[in-house]
Amino acid sequence: MTGSFGRWLLALFLAAAIPFLQSCGGGGGDSGGGGGNSDAFTVSPSSISFTATQGPIAPTGQMVTVTVLRGSVFFGNNTVTQNGGFFTRQPITFPTPTTVQFFIQPETPFTPGTFTGSVTVRGCSNPTCSGSDAAGSPKIIPITYTVTPFAGLTITPANIDFVTRTGALPAAKTATLAQSSGSALWTSVTNYTSGTTGWLGPMSGTLNPSDTVTFNVTDASTAEVREATVTFTAGAFTKTVPVSLVINDPRANFVSPYVVPANSTGNVIIRGYGFSTLTGPIQVLFGATPATTAFVSSDTEIGATFPALGAGSYPITVKDASTTLPSRPSLKLVAINAPAYSAVAVSRPASPGTVVNLIYDGERQALYLLDANNRIERYTFVAGTTWNVSPLTVGNGGFARMALAPDGTQLVKTNGASPSLEVVDPVTLSSSTVAATFSGLPPPATLGSIAFANDGGAVGSANAPASGISLYRYDMLTQRFTSLSTFADLTNSMAFASGDGDTLILPTFDPAAPAAFRLPFIYDATAGTFVQGNMSSTQSAHFSLSRDAVNILRVIATGSPFPGAAVTSYTPGAFTLLGTLPAGLTGFVISPDGFTAYAHFSATNLIRKFDLTAPSGGSFVETGSILVASPGTSFNEMTISPDGGTLFLAGNQQVVIVPAP
C-alpha cells in the first residue's frame with residue numbers, strides 16, 4: 001500500500017493493537033518528550049543535538065521513537081512535521097504495535113554556524129485527526145546543528161580512479177584543493193603502493209584559497225592494477241588522496257543484451273577495450289555468422305546488428321583483416337525460442353517477505369526474487385506448468401537489492417547492513433562475499449540499491465557517514481569498488497537499468513530530499529559519467545525501462561508532480577512527459593521495445609495493456625486485459641521476458657506467470 005491512505009491503515013492497526021486505558025486529566029501540549037501522568041505517548045530522545053566540521057561528511061543521524069502509553073493514538077506522516085531546512089525527517093515506520101519511529105538525518109555541513117529547528121509530533125484521537133488530540137499532544141523535539149569551520153585542507157573528489165587499456169594514456173582528471181582561509185604554496189609527494197611506480201606526473205601550485213589539481217597518468221604500458229597515495233602539503237596542513245589506475249589488455253568482454261529472441265534480427269552493444277586499435281573494416285562474428293553491420297563507437301564500444309539466428313549459444317569474435325581480439329570465455333549471444341509458459345500461480349515458501357526485486361533469466365528460464373527478509377528465491381521452469389523454487393538466505397538485511405550481471409554469470413546482492421556484496425552463482429546458488437574495501441568506505445557504511453551497466457560495472461547507492469560516499473561502482477571483473485559521488489542526498493537512491501545496460505536511472509525515493517536532488521541522476525555507461533534529469537522523481541521507488549531507455553515508465557507517489565504512473569520519453573539529460581496510466585495500479589512493466597505498458601490492479605486482479613505509441617489527452621488507449629491470480633496484498637513487482645511475451649508478478653503470497661495479453 002502506498003500514499004497517505006496506506007499510512008493511516010498502518011496507524012489504525014497500531015491503535016487497534018493497543019489496549020484502551022482510561023486516562024486521568026487533560027492533555028495539553030508538551031514542549032518535551034517525556035510523558036506526564038496523563039500523557040498518552042512519549043518521544044525519545046526529547047531533544048537532539050548534532051555537531052560536525054565543515055566539509056562533505058554529514059554526521060550520523062538520530063532515530064526517534066514514539067511510544068504509546070495508553071489509549072488509542074493515531075499517527076501519520078502528516079502529523080509529524082519539521083521546522084528547519086538543515087535536516088530531513090524520513091517517513092515514519094511502525095516497528096511494534098505500540099511504537100512509531102522516524103529518522104532524522106542532518107544535511108551535509110557545507111556552511112559553518114549553529115542552526116536550530118524542531119520536529120513536532122502530533123498524536124490524534126481518531127484516524128482523520130478531526131477531533132481533539134491525544135493527551136500530551138503535540139510534543140516538540142528541539143534540534144540543534146552546530147557546524148564548526150574547517151581548519152585544514154580539503155580535496156574534492158576525495159579519491160581519483162583511472163581505467164584504460166595498455167598503450168593508451170587516460171584523460172587527465174582534476175580535483176579542487178582548498179584550505180579554510182588565507183593562501184599558501186602547496187606541493188605533493190606520491191607514494192606508490194602497488195604495481196609499477198612513477199606513473200603519476202608531479203603536481204604543485206598556490207592556494208588562494210583553492211586551486212585546481214591535475215592528475216596526469218604518464219605510463220600505461222603494462223596491464224595491471226596500480227595504486228598510490230598523493231600527500232598534499234600547504235604550510236602546516238596535509239591531505240592524502242588515494243589514486244588508482246586499472247590497465248586492461250585489449251579484449252572483448254560483454255555483449256548486451258546477451259539473450260535475444262531466436263530467428264529475428266536486432267542490435268547489440270559489445271563492450272571491452274582496445275577496439276580503436278582495429279584498422280579498416282571490422283568484423284563481428286556470432287559463431288561463424290557475421291554481423292549484418294558492425295562499427296566502432298569508441299575504444300570501449302562496438303555497435304552491431306545480428307542476423308536471424310536459430311536457437312543456440314554463439315561465441316562472439318571481434319576482428320579486422322589481420323588481428324583478432326581476445327574475448328572472455330563467457331562472451332556469447334544466446335538466441336532462445338520464445339517460451340510458451342502457461343498461466344500459473346506458485347505459492348512462495350513459508351514466511352514470505354515483501355518483494356523488493358524480481359529478475360527474469362531468459363537463458364535459464366528462471367526467475368529470481370529478493371524479499372525484505374534477505375532471501376533470494378529462484379523459480380525454475382521444469383515442464384508444463386511446473387516451477388520449482390529454491391530459497392537462499394544470504395548476507396545482511398536492511399535496504400538490500402540485487403542485479404543480474406550483463407553476461408548472466410552471477411547475481412550480485414548488496415548487504416544493507418555492511419559494506420559488502422554477495423556474489424551468487426545463478427546455477428548452484430553458491431555465494432561468496434566481496435568486501436567494499438576501497439578507501440573512504442569503512443564500516444559502518446552500508447550498500448543499498450544496485451544495477452548493472454553493460455560494461456560489467458554495477459552502480460549503486462551507499463550510506464557511509466564516515467566518508468560521505470553516496471554512490472559507488474563495482475567492477476565484476478576486477479572486484480574493485482570506486483566512489484562516484486559524495487553528495488549525501490544521493491544515499492536514498494534507487495538504481496534501474498535499461499534493457500541494453502547503456503543507461504542507468506537513479507531516482508531518489510526520499511520525499512524529504514532537497515529540491516536539487518529530486519531530479520534523477522542518469523549514468524551513461526559509455527561515457528562513465530552522470531547527468532541530471534529535468535523531471536522530479538521524488539518518492540519514485542518503482543521504475544521500468546525499455547531496452548534502449550527510449551521510454552521509461554515510473555510511479556510518482558502522492559505529493560509529487562503526477563497523480564499516478566507517469567510515462568516519459570528520455571533523451572540524454574531530458575525527460576518528456578507523454579501521459580499517465582490510470583490510478584490504483586499495484587505493479588507495472590514496460591515492454592522491451594517500449595511500445596506497450598502492462599499494469600496490474602489488485603482491486604480487480606486485472607493486468608491491463610496500454611499502447612504507448614500514440615498518447616492522447618494525457619493518457620493512453622487500453623488495448624486489452626487479462627484476469628490473473630492475486631500475487632499478494634502489498635505492492636507487486638513485475639518483469640517481462642526478453643521477447644515481450646510473458647509477464648511475471650510477485651507479491652507477498654504468490655508468484656504469478658502469465659502470457660502477455
# chains A, B, ... in the order shown; residues from 1 in each chain; ligands from 1
>>> closest_atom_pairs(of="region 244-315 of chain A", to="region 169-184 of chain A", cutoff="12 Å", atoms="only C-alpha atoms", output="tab-separated table")
residue	atom	partner	partner_atom	distance
A:Ser244	CA	A:Lys173	CA	11.9
A:Leu245	CA	A:Pro170	CA	9.3
A:Val246	CA	A:Pro170	CA	10.2
A:Ile247	CA	A:Leu169	CA	9.5
A:Asn248	CA	A:Leu169	CA	11.7
A:Asp299	CA	A:Pro170	CA	11.4
>>> residues_around(residues="Gly310 (chain A)", least_positions_apart="4", cutoff="10 Å", atoms="only C-alpha atoms", output="PyMOL selection string")
chain A and resi 261-264+314+334-337
>>> residues_around(residues="region 450-464 of chain A", least_positions_apart="2", cutoff="8 Å", atoms="only C-alpha atoms", output="number ranges by chain")
A: 253-256, 269, 271-272, 401-406, 413-414, 441-448, 466-477, 488, 490-497, 500-504, 525
>>> select_by_dssp(residues="region 417-649 of chain A", states="strand (DSSP E)", output="PyMOL selection string")
chain A and resi 420-424+431-435+446-452+457-463+471-475+480-485+496-497+503-506+521-524+529-532+543-545+551-555+565-571+574-580+588-590+596-601+606-616+619-627+637-640+646-649
>>> residues_around(residues="region 587-604 of chain A", least_positions_apart="6", cutoff="6 Å", atoms="only C-alpha atoms", output="MDAnalysis selection string")
chainID A and resid 544 546:547 551 610:613 636:639 644
>>> closest_residue(among="A:Val412, A:Ala220, A:Ala436, A:Val427", to="Thr164 (chain A)", atoms="only C-alpha atoms")
A:Ala220
>>> residues_around(residues="Thr409 (chain A)", least_positions_apart="6", cutoff="8 Å", atoms="only C-alpha atoms", output="number ranges by chain")
A: 330, 425-426
>>> residues_around(residues="Glu422 (chain A)", least_positions_apart="5", cutoff="8 Å", atoms="only C-alpha atoms", output="number ranges by chain")
A: 394-395, 412-415, 431-434
>>> decode(residues="region 223-254 of chain A", atoms="N, CA and C atoms", output="mmCIF file, in the first residue's frame")
data_model
loop_
_atom_site.group_PDB
_atom_site.id
_atom_site.type_symbol
_atom_site.label_atom_id
_atom_site.label_comp_id
_atom_site.auth_asym_id
_atom_site.auth_seq_id
_atom_site.Cartn_x
_atom_site.Cartn_y
_atom_site.Cartn_z
ATOM 1 N N ALA A 223 49.544 -4.191 -18.479
ATOM 2 C CA ALA A 223 48.219 -4.490 -17.935
ATOM 3 C C ALA A 223 48.353 -4.890 -16.475
ATOM 4 N N GLU A 224 47.826 -4.084 -15.579
ATOM 5 C CA GLU A 224 47.902 -4.350 -14.143
ATOM 6 C C GLU A 224 47.050 -3.328 -13.398
ATOM 7 N N VAL A 225 46.955 -3.503 -12.098
ATOM 8 C CA VAL A 225 46.304 -2.537 -11.225
ATOM 9 C C VAL A 225 47.391 -1.817 -10.436
ATOM 10 N N ARG A 226 47.399 -0.504 -10.506
ATOM 11 C CA ARG A 226 48.389 0.304 -9.805
ATOM 12 C C ARG A 226 47.686 1.199 -8.792
ATOM 13 N N GLU A 227 48.290 1.351 -7.654
ATOM 14 C CA GLU A 227 47.721 2.196 -6.611
ATOM 15 C C GLU A 227 48.797 3.076 -6.015
ATOM 16 N N ALA A 228 48.373 4.258 -5.603
ATOM 17 C CA ALA A 228 49.297 5.219 -4.999
ATOM 18 C C ALA A 228 48.516 6.114 -4.057
ATOM 19 N N THR A 229 49.219 6.785 -3.171
ATOM 20 C CA THR A 229 48.639 7.852 -2.359
ATOM 21 C C THR A 229 49.432 9.119 -2.620
ATOM 22 N N VAL A 230 48.716 10.210 -2.783
ATOM 23 C CA VAL A 230 49.348 11.515 -3.003
ATOM 24 C C VAL A 230 49.072 12.370 -1.780
ATOM 25 N N THR A 231 50.140 12.828 -1.123
ATOM 26 C CA THR A 231 50.008 13.668 0.065
ATOM 27 C C THR A 231 50.293 15.115 -0.311
ATOM 28 N N PHE A 232 49.310 15.971 -0.118
ATOM 29 C CA PHE A 232 49.439 17.406 -0.399
ATOM 30 C C PHE A 232 49.804 18.131 0.891
ATOM 31 N N THR A 233 50.734 19.060 0.781
ATOM 32 C CA THR A 233 51.179 19.838 1.935
ATOM 33 C C THR A 233 51.103 21.317 1.610
ATOM 34 N N ALA A 234 50.441 22.072 2.498
ATOM 35 C CA ALA A 234 50.360 23.529 2.378
ATOM 36 C C ALA A 234 50.566 24.104 3.763
ATOM 37 N N GLY A 235 51.744 24.625 4.017
ATOM 38 C CA GLY A 235 52.053 25.123 5.356
ATOM 39 C C GLY A 235 52.006 24.002 6.368
ATOM 40 N N ALA A 236 51.165 24.174 7.396
ATOM 41 C CA ALA A 236 51.066 23.170 8.454
ATOM 42 C C ALA A 236 50.040 22.086 8.136
ATOM 43 N N PHE A 237 49.338 22.215 7.012
ATOM 44 C CA PHE A 237 48.259 21.285 6.706
ATOM 45 C C PHE A 237 48.692 20.242 5.683
ATOM 46 N N THR A 238 48.166 19.023 5.810
ATOM 47 C CA THR A 238 48.392 17.962 4.836
ATOM 48 C C THR A 238 47.073 17.284 4.506
ATOM 49 N N LYS A 239 47.012 16.702 3.325
ATOM 50 C CA LYS A 239 45.841 15.942 2.897
ATOM 51 C C LYS A 239 46.305 14.810 1.998
ATOM 52 N N THR A 240 45.853 13.577 2.271
ATOM 53 C CA THR A 240 46.257 12.412 1.497
ATOM 54 C C THR A 240 45.098 11.913 0.648
ATOM 55 N N VAL A 241 45.382 11.642 -0.639
ATOM 56 C CA VAL A 241 44.357 11.226 -1.597
ATOM 57 C C VAL A 241 44.772 9.901 -2.227
ATOM 58 N N PRO A 242 43.923 8.858 -2.160
ATOM 59 C CA PRO A 242 44.233 7.611 -2.857
ATOM 60 C C PRO A 242 43.978 7.746 -4.361
ATOM 61 N N VAL A 243 44.870 7.175 -5.163
ATOM 62 C CA VAL A 243 44.765 7.209 -6.622
ATOM 63 C C VAL A 243 44.974 5.788 -7.138
ATOM 64 N N SER A 244 44.137 5.349 -8.076
ATOM 65 C CA SER A 244 44.288 4.021 -8.669
ATOM 66 C C SER A 244 44.286 4.113 -10.182
ATOM 67 N N LEU A 245 44.942 3.139 -10.806
ATOM 68 C CA LEU A 245 44.989 3.037 -12.260
ATOM 69 C C LEU A 245 44.815 1.578 -12.638
ATOM 70 N N VAL A 246 43.742 1.261 -13.361
ATOM 71 C CA VAL A 246 43.499 -0.092 -13.856
ATOM 72 C C VAL A 246 43.778 -0.090 -15.352
ATOM 73 N N ILE A 247 44.744 -0.934 -15.774
ATOM 74 C CA ILE A 247 45.141 -1.009 -17.180
ATOM 75 C C ILE A 247 44.719 -2.373 -17.710
ATOM 76 N N ASN A 248 43.904 -2.367 -18.745
ATOM 77 C CA ASN A 248 43.373 -3.595 -19.324
ATOM 78 C C ASN A 248 44.032 -3.888 -20.666
ATOM 79 N N ASP A 249 44.284 -5.155 -20.937
ATOM 80 C CA ASP A 249 44.692 -5.552 -22.276
ATOM 81 C C ASP A 249 43.501 -5.441 -23.218
ATOM 82 N N PRO A 250 43.744 -5.182 -24.520
ATOM 83 C CA PRO A 250 42.631 -5.181 -25.478
ATOM 84 C C PRO A 250 41.877 -6.504 -25.436
ATOM 85 N N ARG A 251 40.543 -6.424 -25.307
ATOM 86 C CA ARG A 251 39.735 -7.635 -25.177
ATOM 87 C C ARG A 251 38.262 -7.278 -25.299
ATOM 88 N N ALA A 252 37.475 -8.174 -25.858
ATOM 89 C CA ALA A 252 36.017 -8.030 -25.880
ATOM 90 C C ALA A 252 35.455 -8.741 -24.658
ATOM 91 N N ASN A 253 34.675 -8.025 -23.845
ATOM 92 C CA ASN A 253 34.231 -8.551 -22.554
ATOM 93 C C ASN A 253 32.752 -8.909 -22.480
ATOM 94 N N PHE A 254 31.873 -8.008 -22.973
ATOM 95 C CA PHE A 254 30.434 -8.186 -22.767
ATOM 96 C C PHE A 254 29.679 -7.853 -24.045
#
